[in-house]
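Participant: Input structure: my_file.cif, which contains mmCIF, C-alpha atoms.
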```
data_final
loop_
_atom_site.label_atom_id
_atom_site.label_comp_id
_atom_site.auth_asym_id
_atom_site.auth_seq_id
_atom_site.Cartn_x
_atom_site.Cartn_y
_atom_site.Cartn_z
CA MET A 417 -262.57 45.80 -7.22
CA GLY A 418 -265.97 45.93 -8.83
CA ASN A 419 -267.76 46.27 -12.15
CA ILE A 420 -270.03 49.33 -11.84
CA LEU A 421 -272.81 50.69 -14.07
CA ILE A 422 -273.47 54.45 -13.89
CA VAL A 423 -276.90 55.60 -15.12
CA ASP A 424 -277.46 59.36 -15.50
CA ASP A 425 -278.94 61.60 -18.19
CA GLU A 426 -275.89 63.89 -18.05
CA GLN A 427 -272.74 62.54 -19.71
CA SER A 428 -270.54 64.90 -17.69
CA ILE A 429 -271.69 63.28 -14.43
CA ILE A 430 -271.07 59.78 -15.81
CA ASP A 431 -267.57 60.85 -16.89
CA SER A 432 -266.67 62.46 -13.56
CA ILE A 433 -267.90 59.54 -11.44
CA SER A 434 -266.23 57.09 -13.81
CA MET A 435 -262.90 58.92 -13.50
CA VAL A 436 -263.04 58.69 -9.69
CA LEU A 437 -263.96 55.00 -9.72
CA THR A 438 -261.42 53.88 -12.34
CA SER A 439 -258.68 55.58 -10.33
CA GLU A 440 -259.66 53.18 -7.51
CA GLY A 441 -259.32 50.17 -9.81
CA HIS A 442 -263.02 49.68 -10.60
CA GLU A 443 -264.33 48.93 -14.09
CA THR A 444 -267.15 51.25 -15.17
CA ASP A 445 -269.87 51.32 -17.77
CA GLY A 446 -272.36 54.11 -18.41
CA CYS A 447 -275.67 54.91 -20.09
CA LEU A 448 -277.92 57.97 -20.42
CA ASN A 449 -281.44 56.56 -19.97
CA GLY A 450 -283.49 53.89 -18.25
CA ALA A 451 -284.21 51.75 -21.31
CA GLU A 452 -280.51 51.41 -22.11
CA ALA A 453 -279.78 50.65 -18.45
CA LEU A 454 -282.32 47.81 -18.38
CA ALA A 455 -280.85 46.34 -21.58
CA LYS A 456 -277.36 46.37 -20.04
CA VAL A 457 -278.52 44.83 -16.76
CA ARG A 458 -280.19 41.98 -18.64
CA ASN A 459 -277.00 41.22 -20.58
CA TYR A 460 -274.28 41.87 -18.00
CA GLU A 461 -273.82 41.26 -14.30
CA TYR A 462 -272.69 44.30 -12.31
CA ASP A 463 -271.36 44.44 -8.77
CA LEU A 464 -273.04 47.84 -8.30
CA ILE A 465 -275.44 50.13 -10.15
CA LEU A 466 -275.43 53.91 -9.55
CA LEU A 467 -278.84 55.14 -10.69
CA ASP A 468 -280.04 58.73 -11.08
CA ILE A 469 -283.67 59.35 -10.15
CA LYS A 470 -284.51 62.32 -12.39
CA MET A 471 -284.33 61.10 -15.99
CA PRO A 472 -286.61 61.70 -19.02
CA LYS A 473 -289.17 59.10 -20.19
CA MET A 474 -288.42 56.58 -17.43
CA ASP A 475 -287.37 57.87 -14.03
CA GLY A 476 -284.96 56.09 -11.68
CA ILE A 477 -287.64 54.65 -9.41
CA GLU A 478 -289.31 52.91 -12.35
CA VAL A 479 -285.92 51.66 -13.57
CA LEU A 480 -285.16 50.40 -10.05
CA GLU A 481 -288.44 48.45 -9.96
CA ASN A 482 -287.63 46.79 -13.29
CA ILE A 483 -284.05 46.00 -12.24
CA MET A 484 -285.17 44.36 -8.99
CA GLU A 485 -287.95 42.46 -10.73
CA PHE A 486 -285.42 41.05 -13.19
CA ASN A 487 -282.89 40.18 -10.49
CA PRO A 488 -283.45 41.17 -6.84
CA ASP A 489 -279.79 40.39 -6.10
CA ASN A 490 -278.65 43.57 -7.85
CA VAL A 491 -277.17 46.22 -5.56
CA VAL A 492 -278.37 49.72 -6.48
CA ILE A 493 -277.43 53.12 -5.05
CA MET A 494 -279.91 55.86 -6.00
CA ILE A 495 -278.66 59.37 -6.77
CA SER A 496 -280.81 62.52 -6.83
CA GLY A 497 -280.35 66.27 -6.91
CA HIS A 498 -283.90 66.80 -5.66
CA GLY A 499 -284.08 64.07 -3.08
CA THR A 500 -286.38 64.06 -0.09
CA ILE A 501 -286.70 61.69 2.86
CA GLU A 502 -289.89 60.33 1.29
CA THR A 503 -288.04 59.56 -1.97
CA ALA A 504 -285.21 57.85 -0.11
CA VAL A 505 -287.65 55.74 1.90
CA GLU A 506 -289.56 54.78 -1.26
CA ALA A 507 -286.34 53.77 -3.03
CA THR A 508 -285.23 51.67 -0.04
CA LYS A 509 -288.59 49.92 0.11
CA LYS A 510 -288.25 49.04 -3.57
CA GLY A 511 -284.86 47.42 -2.97
CA ALA A 512 -282.23 50.19 -3.18
CA TYR A 513 -279.14 49.57 -1.06
CA ASN A 514 -278.43 53.26 -0.39
CA PHE A 515 -279.41 56.79 -1.40
CA LEU A 516 -277.03 59.67 -2.24
CA GLN A 517 -277.86 63.29 -2.88
CA LYS A 518 -276.27 65.62 -5.44
CA PRO A 519 -273.89 67.25 -5.11
CA LEU A 520 -272.25 63.95 -4.24
CA PRO A 521 -270.40 63.69 -0.91
CA ASP A 522 -266.66 64.33 -0.71
CA LEU A 523 -264.41 61.81 -2.43
CA HIS A 524 -263.50 59.90 0.73
CA GLU A 525 -267.15 59.35 1.70
CA LEU A 526 -268.14 58.47 -1.89
CA LYS A 527 -265.33 55.90 -2.18
CA LEU A 528 -266.24 54.40 1.20
CA THR A 529 -269.93 54.13 0.22
CA ILE A 530 -268.99 52.41 -3.07
CA LYS A 531 -266.56 50.06 -1.29
CA ASN A 532 -269.16 49.08 1.35
CA ALA A 533 -271.80 48.42 -1.32
CA ILE A 534 -269.48 46.13 -3.33
CA GLU A 535 -268.35 44.27 -0.21
CA PHE A 536 -272.02 43.81 0.74
CA LYS A 537 -272.74 42.32 -2.69
CA LYS A 538 -269.75 39.96 -2.52
CA SER A 539 -270.54 38.85 1.05
CA ARG A 540 -274.15 38.16 0.14
CA ASP A 541 -273.11 36.20 -2.95
CA GLU A 542 -270.66 34.14 -0.87
CA LEU A 543 -273.35 33.45 1.71
CA ARG A 544 -275.74 32.41 -1.03
CA ASN A 545 -273.14 30.05 -2.51
CA VAL A 546 -272.47 28.51 0.90
CA LYS A 547 -276.21 28.03 1.38
CA LYS A 548 -276.49 26.49 -2.10
CA GLU A 549 -273.64 24.07 -1.32
CA LEU A 550 -275.30 23.19 1.99
CA ILE A 551 -278.59 22.45 0.27
CA GLU A 552 -276.86 20.36 -2.42
CA SER A 553 -274.87 18.40 0.15
CA ASN A 554 -278.06 17.68 2.08
CA GLN A 555 -280.32 16.87 -0.84
CA LEU A 556 -282.62 13.87 -0.90
CA ILE A 557 -281.76 11.49 -3.74
CA GLY A 558 -284.41 9.31 -5.34
CA SER A 559 -287.38 9.57 -7.66
CA SER A 560 -289.49 6.67 -6.38
CA ASP A 561 -293.12 7.40 -5.58
CA SER A 562 -292.44 7.17 -1.84
CA MET A 563 -289.52 9.64 -2.01
CA ASN A 564 -291.46 12.00 -4.24
CA ASN A 565 -294.17 11.95 -1.59
CA VAL A 566 -291.61 12.85 1.09
CA LYS A 567 -290.35 15.74 -1.07
CA GLU A 568 -293.89 17.02 -1.59
CA LEU A 569 -294.53 16.98 2.16
CA ILE A 570 -291.26 18.84 2.77
CA LYS A 571 -292.33 21.52 0.30
CA LYS A 572 -295.75 21.79 1.93
CA PHE A 573 -294.56 21.75 5.54
CA SER A 574 -291.75 24.26 4.90
CA LYS A 575 -294.35 26.99 4.43
CA THR A 576 -295.71 26.57 7.98
CA ASN A 577 -294.34 26.98 11.50
CA LEU A 578 -296.10 23.91 12.90
CA ASN A 579 -294.21 21.13 14.69
CA VAL A 580 -293.07 18.24 12.47
CA LEU A 581 -292.43 14.64 13.52
CA ILE A 582 -290.14 12.61 11.23
CA THR A 583 -290.13 8.84 11.67
CA GLY A 584 -288.14 6.12 9.95
CA GLU A 585 -285.48 3.51 10.54
CA SER A 586 -281.88 4.41 11.33
CA GLY A 587 -279.98 5.52 8.25
CA THR A 588 -283.00 6.55 6.17
CA GLY A 589 -282.13 10.27 6.22
CA LYS A 590 -284.40 11.82 8.85
CA GLU A 591 -281.90 14.59 9.57
CA LEU A 592 -281.69 15.39 5.84
CA VAL A 593 -285.47 15.76 5.75
CA ALA A 594 -285.32 18.12 8.75
CA ARG A 595 -282.60 20.21 7.08
CA GLN A 596 -284.57 20.37 3.83
CA ILE A 597 -287.60 21.69 5.72
CA HIS A 598 -285.37 24.34 7.30
CA PHE A 599 -283.57 25.31 4.06
CA ASN A 600 -286.87 25.71 2.22
CA SER A 601 -288.51 27.78 4.96
CA ASP A 602 -288.46 31.49 5.77
CA ARG A 603 -286.02 30.59 8.56
CA SER A 604 -283.30 29.35 6.20
CA ASP A 605 -280.92 32.23 6.99
CA LYS A 606 -281.23 31.54 10.74
CA PRO A 607 -279.60 28.75 12.79
CA PHE A 608 -280.42 25.05 12.46
CA ILE A 609 -279.64 23.60 15.89
CA GLU A 610 -279.52 19.81 16.26
CA ILE A 611 -280.03 18.24 19.68
CA ASN A 612 -279.38 14.52 20.10
CA SER A 613 -281.85 13.42 22.76
CA ALA A 614 -279.65 10.44 23.67
CA ASN A 615 -277.11 12.92 25.07
CA LEU A 616 -279.63 14.66 27.33
CA SER A 617 -279.75 13.53 30.95
CA GLU A 618 -281.51 14.80 34.07
CA GLU A 619 -278.20 16.42 35.07
CA ASN A 620 -277.28 18.27 31.87
CA THR A 621 -280.63 19.16 30.26
CA ASP A 622 -281.02 22.58 31.91
CA ARG A 623 -277.41 23.47 31.13
CA GLU A 624 -277.58 22.32 27.49
CA LEU A 625 -280.97 23.73 26.62
CA PHE A 626 -281.60 26.68 28.91
CA GLY A 627 -278.06 28.01 29.47
CA TYR A 628 -275.82 28.48 32.48
CA PHE A 629 -273.53 30.93 34.25
CA GLU A 630 -269.78 30.61 34.02
CA ASN A 631 -267.49 33.17 35.72
CA ASN A 632 -270.55 35.39 36.21
CA ILE A 633 -271.20 35.35 32.45
CA PHE A 634 -274.41 33.81 31.12
CA ILE A 635 -273.80 31.22 28.38
CA LYS A 636 -276.84 30.77 26.13
CA GLY A 637 -278.38 27.33 25.83
CA LYS A 638 -279.33 25.76 22.52
CA PHE A 639 -282.87 27.11 22.68
CA GLU A 640 -281.68 30.72 22.68
CA LYS A 641 -278.94 30.00 20.14
CA ALA A 642 -281.63 28.82 17.74
CA ASP A 643 -283.62 32.05 17.97
CA GLY A 644 -285.38 32.72 14.68
CA GLY A 645 -284.36 29.34 13.31
CA THR A 646 -285.11 25.63 13.71
CA ILE A 647 -284.52 23.19 16.55
CA PHE A 648 -284.16 19.56 15.52
CA LEU A 649 -284.60 17.08 18.37
CA ASP A 650 -283.36 13.69 17.19
CA GLU A 651 -284.23 10.30 18.73
CA ILE A 652 -286.87 11.70 21.07
CA SER A 653 -287.76 8.22 22.37
CA ASN A 654 -284.59 8.41 24.47
CA LEU A 655 -285.97 11.26 26.56
CA SER A 656 -286.98 10.59 30.16
CA SER A 657 -290.49 11.49 31.29
CA GLU A 658 -289.15 14.45 33.28
CA ILE A 659 -287.29 15.89 30.29
CA GLN A 660 -290.37 15.35 28.11
CA SER A 661 -292.34 17.40 30.64
CA LYS A 662 -289.83 20.28 30.51
CA LEU A 663 -289.83 20.27 26.72
CA LEU A 664 -293.60 20.11 26.59
CA ASN A 665 -293.82 23.31 28.62
CA VAL A 666 -291.43 25.10 26.24
CA ILE A 667 -293.22 23.82 23.14
CA GLU A 668 -296.61 24.93 24.46
CA THR A 669 -295.60 28.38 25.73
CA ASN A 670 -292.59 29.30 23.56
CA LEU A 671 -291.06 30.60 26.79
CA ILE A 672 -287.95 29.58 28.69
CA THR A 673 -286.70 30.71 32.10
CA LYS A 674 -283.04 31.66 32.26
CA ALA A 675 -280.93 29.71 34.72
CA GLY A 676 -280.46 31.37 38.08
CA SER A 677 -283.26 33.90 37.59
CA ASN A 678 -286.97 34.34 37.06
CA THR A 679 -286.41 36.10 33.75
CA GLN A 680 -288.47 34.57 30.95
CA VAL A 681 -287.35 34.71 27.33
CA ARG A 682 -289.77 34.32 24.42
CA LEU A 683 -288.54 31.93 21.76
CA ASP A 684 -289.04 32.32 18.04
CA VAL A 685 -288.20 28.81 16.87
CA ARG A 686 -289.67 26.01 14.80
CA PHE A 687 -289.49 22.50 16.30
CA ILE A 688 -288.79 19.35 14.29
CA PHE A 689 -288.60 15.94 16.01
CA ALA A 690 -287.38 12.54 14.86
CA SER A 691 -287.47 8.94 16.04
CA ASN A 692 -286.44 5.55 14.67
CA ARG A 693 -288.69 3.65 17.07
CA ASP A 694 -292.34 2.61 16.95
CA LEU A 695 -293.82 5.48 18.94
CA GLN A 696 -297.17 3.73 19.35
CA GLU A 697 -295.31 0.96 21.16
CA GLU A 698 -293.45 3.57 23.23
CA LEU A 699 -296.83 4.99 24.25
CA LYS A 700 -298.14 1.55 25.22
CA GLN A 701 -295.05 0.91 27.34
CA HIS A 702 -295.50 4.34 28.98
CA ARG A 703 -292.03 5.41 27.92
CA LEU A 704 -293.50 8.28 25.91
CA ARG A 705 -295.93 10.75 27.46
CA GLU A 706 -299.18 10.95 25.54
CA ASP A 707 -299.47 14.75 25.90
CA PHE A 708 -295.89 15.16 24.65
CA TYR A 709 -296.53 12.84 21.68
CA HIS A 710 -299.66 14.70 20.56
CA ARG A 711 -297.89 18.05 20.85
CA ILE A 712 -294.94 16.99 18.66
CA ASN A 713 -296.97 14.97 16.16
CA VAL A 714 -298.76 17.87 14.44
CA LEU A 715 -297.34 17.24 10.96
CA HIS A 716 -295.83 13.84 10.16
CA ILE A 717 -293.35 12.55 7.59
CA ASN A 718 -292.35 8.89 7.47
CA VAL A 719 -289.11 8.24 5.58
CA PRO A 720 -289.35 4.82 3.87
CA PRO A 721 -286.57 2.22 4.31
CA LEU A 722 -284.31 1.63 1.33
CA ARG A 723 -285.61 -1.93 0.81
CA GLU A 724 -289.04 -0.42 -0.03
CA ARG A 725 -287.59 1.79 -2.76
CA PRO A 726 -284.97 -0.29 -4.61
CA GLU A 727 -285.52 1.83 -7.73
CA ASP A 728 -283.64 4.65 -5.94
CA ILE A 729 -280.48 2.58 -5.32
CA GLU A 730 -278.91 3.29 -8.72
CA ASP A 731 -279.43 7.07 -8.36
CA LEU A 732 -278.06 7.00 -4.81
CA SER A 733 -275.05 4.94 -5.89
CA ASN A 734 -274.19 7.28 -8.77
CA TYR A 735 -274.56 10.30 -6.49
CA PHE A 736 -272.29 8.90 -3.76
CA LEU A 737 -269.68 7.72 -6.27
CA ASN A 738 -269.53 11.21 -7.82
CA VAL A 739 -269.29 12.93 -4.44
CA PHE A 740 -266.65 10.58 -2.96
CA CYS A 741 -264.45 10.64 -6.06
CA ARG A 742 -264.59 14.44 -6.20
CA GLU A 743 -263.88 14.84 -2.47
CA ASN A 744 -260.91 12.44 -2.60
CA ASN A 745 -259.49 13.68 -5.93
CA ILE A 746 -260.00 10.24 -7.46
CA PRO A 747 -260.96 9.67 -11.13
CA LEU A 748 -264.67 8.93 -11.41
CA LYS A 749 -265.53 5.28 -10.76
CA LYS A 750 -268.62 3.48 -11.93
CA LEU A 751 -270.52 0.30 -11.13
CA SER A 752 -270.84 -2.44 -13.71
CA GLY A 753 -274.33 -3.59 -14.65
CA LYS A 754 -274.02 -6.76 -12.56
CA ALA A 755 -272.69 -4.77 -9.59
CA LYS A 756 -275.71 -2.44 -9.75
CA SER A 757 -278.06 -5.41 -9.93
CA LEU A 758 -276.38 -6.95 -6.87
CA LEU A 759 -276.82 -3.78 -4.81
CA ILE A 760 -280.50 -3.65 -5.74
CA THR A 761 -281.03 -7.18 -4.35
CA PHE A 762 -279.70 -6.32 -0.85
CA ARG A 763 -282.13 -5.55 1.99
CA TRP A 764 -279.93 -2.76 3.42
CA PRO A 765 -280.92 -2.96 7.12
CA GLY A 766 -278.70 0.11 7.65
CA ASN A 767 -280.53 1.85 4.80
CA VAL A 768 -278.94 4.74 2.88
CA ARG A 769 -276.17 5.11 5.48
CA GLU A 770 -275.11 1.49 4.92
CA LEU A 771 -275.09 1.93 1.13
CA LYS A 772 -273.08 5.15 1.50
CA ASN A 773 -270.48 3.48 3.75
CA LEU A 774 -270.10 0.52 1.39
CA LEU A 775 -269.54 2.73 -1.65
CA GLU A 776 -267.07 4.94 0.21
CA ARG A 777 -265.10 1.84 1.17
CA LEU A 778 -265.14 0.56 -2.42
CA ILE A 779 -263.91 3.92 -3.76
CA ILE A 780 -260.83 3.72 -1.55
CA THR A 781 -260.06 -0.01 -1.80
CA ILE A 782 -260.80 -0.75 -5.48
CA ASP A 783 -258.18 0.63 -7.90
CA LYS A 784 -260.13 -0.02 -11.10
CA ASN A 785 -262.40 2.58 -12.72
CA VAL A 786 -265.26 0.06 -12.92
CA ILE A 787 -266.42 -1.71 -9.75
CA GLU A 788 -267.46 -5.26 -10.64
CA PHE A 789 -269.85 -7.77 -9.06
CA ASP A 790 -266.97 -9.73 -7.46
CA ASP A 791 -265.52 -6.58 -5.87
CA ILE A 792 -268.55 -6.15 -3.61
CA GLU A 793 -268.42 -7.89 -0.27
CA ILE A 794 -271.85 -9.31 0.49
CA PRO A 795 -273.11 -8.23 3.92
CA GLY A 796 -273.51 -11.11 6.36
CA SER A 797 -270.76 -13.32 4.94
CA VAL A 798 -270.44 -15.03 8.37
CA HIS A 799 -273.96 -16.37 7.95
CA SER A 800 -273.11 -17.50 4.42
CA ARG A 801 -270.32 -19.67 5.86
CA GLU A 802 -272.74 -21.10 8.41
CA PHE A 803 -275.11 -22.11 5.60
CA THR A 804 -272.21 -23.71 3.70
CA GLU A 805 -271.27 -25.76 6.78
CA LEU A 806 -274.88 -26.92 7.17
CA LEU A 807 -274.94 -28.08 3.56
CA ASN A 808 -272.01 -30.40 4.30
CA ARG A 809 -273.42 -31.85 7.52
CA ASN A 810 -275.22 -35.17 7.76
CA MET A 811 -278.72 -34.19 8.95
CA SER A 812 -282.41 -34.69 8.25
CA LEU A 813 -284.41 -32.28 6.11
CA ASN A 814 -286.40 -31.18 9.18
CA ASP A 815 -283.22 -30.42 11.15
CA PHE A 816 -281.76 -28.53 8.19
CA GLN A 817 -284.92 -26.44 7.86
CA ASN A 818 -284.88 -25.59 11.57
CA GLU A 819 -281.18 -24.72 11.62
CA THR A 820 -281.35 -22.52 8.52
CA GLU A 821 -284.48 -20.79 9.82
CA LYS A 822 -282.72 -20.07 13.12
CA ILE A 823 -279.63 -18.67 11.36
CA PHE A 824 -281.82 -16.51 9.14
CA LEU A 825 -283.80 -15.18 12.11
CA LEU A 826 -280.61 -14.35 14.03
CA LYS A 827 -279.19 -12.51 11.04
CA MET A 828 -282.36 -10.49 10.56
CA LEU A 829 -282.61 -9.66 14.27
CA ASN A 830 -278.97 -8.58 14.33
CA ASP A 831 -279.40 -6.52 11.16
CA TYR A 832 -282.23 -4.60 12.80
CA LYS A 833 -280.53 -4.49 16.23
CA PHE A 834 -283.30 -6.66 17.70
CA ASN A 835 -285.96 -4.08 16.86
CA ILE A 836 -288.94 -6.46 16.80
CA SER A 837 -291.26 -4.19 14.78
CA GLN A 838 -288.72 -3.53 12.04
CA THR A 839 -287.58 -7.18 11.89
CA ALA A 840 -291.15 -8.45 11.65
CA GLU A 841 -291.89 -5.94 8.92
CA ALA A 842 -288.80 -6.98 6.96
CA LEU A 843 -289.78 -10.66 7.34
CA GLN A 844 -293.37 -9.79 6.38
CA ILE A 845 -294.78 -11.58 9.43
CA GLN A 846 -296.72 -10.50 12.52
CA ARG A 847 -294.80 -9.46 15.62
CA SER A 848 -296.51 -12.26 17.57
CA HIS A 849 -295.27 -14.80 15.01
CA LEU A 850 -291.72 -13.48 15.37
CA TYR A 851 -291.90 -13.78 19.16
CA ASN A 852 -293.11 -17.38 18.77
CA LEU A 853 -290.17 -18.20 16.50
CA MET A 854 -287.74 -16.60 18.95
CA ASN A 855 -289.18 -18.74 21.75
CA LYS A 856 -288.99 -21.83 19.55
CA TYR A 857 -285.27 -21.32 18.88
CA GLU A 858 -284.54 -19.92 22.35
CA ILE A 859 -283.43 -16.57 20.94
CA SER A 860 -283.51 -13.74 23.45
CA LYS A 861 -282.71 -10.05 23.17
CA PRO A 862 -279.14 -9.11 24.09
CA GLY A 863 -278.88 -8.41 27.82
CA LYS A 864 -281.93 -10.55 28.65
CA LYS A 865 -281.87 -14.08 29.98
CA SER A 866 -283.45 -16.76 27.84
#
```
Produce structure tokens that represent the structure in this file.
Facilitator:
Amino acid sequence: MGNILIVDDEQSIIDSISMVLTSEGHETDGCLNGAEALAKVRNYEYDLILLDIKMPKMDGIEVLENIMEFNPDNVVIMISGHGTIETAVEATKKGAYNFLQKPLPDLHELKLTIKNAIEFKKSRDELRNVKKELIESNQLIGSSDSMNNVKELIKKFSKTNLNVLITGESGTGKELVARQIHFNSDRSDKPFIEINSANLSEENTDRELFGYFENNIFIKGKFEKADGGTIFLDEISNLSSEIQSKLLNVIETNLITKAGSNTQVRLDVRFIFASNRDLQEELKQHRLREDFYHRINVLHINVPPLRERPEDIEDLSNYFLNVFCRENNIPLKKLSGKAKSLLITFRWPGNVRELKNLLERLIITIDKNVIEFDDIEIPGSVHSREFTELLNRNMSLNDFQNETEKIFLLKMLNDYKFNISQTAEALQIQRSHLYNLMNKYEISKPGKKS
């Protein structure tokens, strides 16, 4: 049932409508003029407002404008004894949900109209709450200069329909950036369709993206399912040249051809792309088509690795601890000062995802309310043991330096999954220098012969 405000300059009409509505279980409130109505709306939240148009001093249309300006989420049904189509259209344009003429319709129709209006309000509020929860669960945490720059670009790019390319290492939050662009755009109430490029092959691309027939029924592909919304193509460097060509045609024309026919469908979608690889290197190796790259790289956001923004680690840690404890019905746990300092010293090759996984594990495994320094398992403990063994071996300084350098290089290469660009950047050396060191210690990429 709803809380309903009735605004009319005749008390008898307020009383009669109120009697009908209270018999249905609604709570009612009434007032005789626009000024009083505006005061009530500012102080109370109503599920529905019934508003007469013809009133002295301030007519219903003016009251409606003020109500919607104060809170456009209000649901208002206009009532008039001298209504015209033009008046109804004007009221609707100014935000009215419906328009009723006096004498009011029979009781059944009036009750149904009231019921539909209240259900509309509740459904819209629920949808808004779901959207709010989605935005909160996909928010970007951090106030470092680099993250503030990312947030500013999101705000700027959300206002356009141009293609966006998001780059950054695995685990930095590229998908979150894409979702934030979508949530902050005019397309936020439309679908956000994610496509993992690694799952697209020559055999299934047409079926996945353009649709297919099954039992003589056409099943829409992801492009059509995203109509009006956003398509997020993740890890685009995994796409074959042929698939890049097909996508390029769609991106350029905004048209797709339905499977099994010559029927073309115009798409209304916004494209966002992401990659964790060095796309300039992909271009040099001819794994990425130059025309495809220039078409997707209209607007660009690079998400910085966590090691470049250690000042965000405390905020991220507090956020994850709060979320995990709440989701698992566990009393809130905190990090000690030394534990926080330890987390800030890590390089986090897996970035935010690695930090998130570690904290989730600590929440479940540590029974205390305060997580201490000694509770945190240092990543790469295998390599720590190797260093300890070296310290106890009888060897020259030169041999020790070479052995420790080799162990360190192997750890860094493994941390970054043998991504040469990212490893070199983390080591703060040139790629050519890293290749020389790998040759020196006979380190080869997995799957390649030394």
Participant: Hey, what comes out of the PyMOL selection byres ((chain A and resi 726-742) around 8) on this file? Could you write it as a ChimeraX atom specification?
Facilitator: /A:557-560,722-725,743-750,756,759-761,771-772,775-776,779
Participant: Rank A:Leu516, A:Leu655, A:Ile597, A:Ile534 by their smallest atom-to-atom distance to A:Ala614, using only C-alpha atoms, and report the top residue only.
Facilitator: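 The closest residue to A:Ala614 is A:Leu655.
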Participant: Quick one: everything within 8 Å of A:Asn554, counting all atoms listed in the file, minus sequence neighbours fewer than 4 positions away in the same chain. Send it as number ranges by chain.
Facilitator: A: 550, 592, 595-596
Participant: When you look at stretch 695-708 of chain A with a cut-off of 10 Å (counting only C-alpha atoms), what residues show up, excluding the ones that are within fewer than 4 positions of it in the same chain? I need them as an mmCIF file with C-alpha atoms, in the coordinates of the input.
Facilitator:
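The result, stored in result.cif:
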```cif
data_model
loop_
_atom_site.group_PDB
_atom_site.id
_atom_site.type_symbol
_atom_site.label_atom_id
_atom_site.label_comp_id
_atom_site.auth_asym_id
_atom_site.auth_seq_id
_atom_site.Cartn_x
_atom_site.Cartn_y
_atom_site.Cartn_z
ATOM 1 C CA THR A 583 -290.130 8.840 11.670
ATOM 2 C CA ILE A 652 -286.870 11.700 21.070
ATOM 3 C CA SER A 653 -287.760 8.220 22.370
ATOM 4 C CA ASN A 654 -284.590 8.410 24.470
ATOM 5 C CA LEU A 655 -285.970 11.260 26.560
ATOM 6 C CA SER A 656 -286.980 10.590 30.160
ATOM 7 C CA SER A 657 -290.490 11.490 31.290
ATOM 8 C CA GLU A 658 -289.150 14.450 33.280
ATOM 9 C CA GLN A 660 -290.370 15.350 28.110
ATOM 10 C CA SER A 661 -292.340 17.400 30.640
ATOM 11 C CA LYS A 662 -289.830 20.280 30.510
ATOM 12 C CA LEU A 663 -289.830 20.270 26.720
ATOM 13 C CA LEU A 664 -293.600 20.110 26.590
ATOM 14 C CA ASN A 665 -293.820 23.310 28.620
ATOM 15 C CA ILE A 667 -293.220 23.820 23.140
ATOM 16 C CA GLU A 668 -296.610 24.930 24.460
ATOM 17 C CA SER A 691 -287.470 8.940 16.040
ATOM 18 C CA ILE A 712 -294.940 16.990 18.660
ATOM 19 C CA ASN A 713 -296.970 14.970 16.160
ATOM 20 C CA SER A 837 -291.260 -4.190 14.780
#
```
Participant: For stretch 435-443 of chain A, work out the shell of residues within 6 Å, counting only C-alpha atoms and skipping chain neighbours fewer than 6 positions away, then give it as a CSV table (one decimal) with C-alpha atoms, in the frame of the given file.
Facilitator:
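Result written to part.csv:
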```
chain,number,residue,atom,x,y,z
A,417,MET,CA,-262.6,45.8,-7.2
A,418,GLY,CA,-266.0,45.9,-8.8
A,419,ASN,CA,-267.8,46.3,-12.2
```
Participant: Find the spatial neighbours of A:Ser752, counting all atoms listed in the file, within a cut-off of 8 Å - ignore same-chain residues fewer than 3 positions away - and output them as a ChimeraX atom specification.
Facilitator: /A:755-756,786-789
Participant: Kindly indicate which residue among A:Ala451, A:Leu758, A:Ala594, A:Ala642 lies nearest to A:Leu683, using all atoms listed in the file for the distances.
Facilitator: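 Checking each candidate against A:Leu683, we get A:Ala642 as the closest.
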Participant: With all atoms listed in the file counted, which protein, DNA or RNA residues have an atom no more than 12 Å from (-274.0, 23.8, 24.3) in the file frame? Please answer as a ChimeraX atom specification.
Facilitator: /A:609-612,615-616,620-628,635-642
Participant: With the input short on atoms, add N, CA and C atoms back to stretch 595-602 of chain A and write it as a PDB file, keeping the file's coordinate frame.
Facilitator:
```
ATOM      1  N   ARG A 595    -283.383  19.098   7.654  1.00  0.00           N
ATOM      2  CA  ARG A 595    -282.600  20.210   7.080  1.00  0.00           C
ATOM      3  C   ARG A 595    -283.278  20.772   5.834  1.00  0.00           C
ATOM      4  N   GLN A 596    -283.875  19.899   5.022  1.00  0.00           N
ATOM      5  CA  GLN A 596    -284.570  20.370   3.830  1.00  0.00           C
ATOM      6  C   GLN A 596    -285.767  21.245   4.207  1.00  0.00           C
ATOM      7  N   ILE A 597    -286.482  20.861   5.251  1.00  0.00           N
ATOM      8  CA  ILE A 597    -287.600  21.690   5.720  1.00  0.00           C
ATOM      9  C   ILE A 597    -287.080  23.067   6.131  1.00  0.00           C
ATOM     10  N   HIS A 598    -285.954  23.078   6.851  1.00  0.00           N
ATOM     11  CA  HIS A 598    -285.370  24.340   7.300  1.00  0.00           C
ATOM     12  C   HIS A 598    -284.889  25.184   6.116  1.00  0.00           C
ATOM     13  N   PHE A 599    -284.133  24.570   5.190  1.00  0.00           N
ATOM     14  CA  PHE A 599    -283.570  25.310   4.060  1.00  0.00           C
ATOM     15  C   PHE A 599    -284.647  25.893   3.157  1.00  0.00           C
ATOM     16  N   ASN A 600    -285.787  25.245   3.094  1.00  0.00           N
ATOM     17  CA  ASN A 600    -286.870  25.710   2.220  1.00  0.00           C
ATOM     18  C   ASN A 600    -287.869  26.606   2.929  1.00  0.00           C
ATOM     19  N   SER A 601    -287.594  26.943   4.184  1.00  0.00           N
ATOM     20  CA  SER A 601    -288.510  27.780   4.960  1.00  0.00           C
ATOM     21  C   SER A 601    -288.018  29.220   5.010  1.00  0.00           C
ATOM     22  N   ASP A 602    -288.849  30.089   5.588  1.00  0.00           N
ATOM     23  CA  ASP A 602    -288.460  31.490   5.770  1.00  0.00           C
ATOM     24  C   ASP A 602    -287.359  31.631   6.815  1.00  0.00           C
TER      25      ASP A 602
END
```
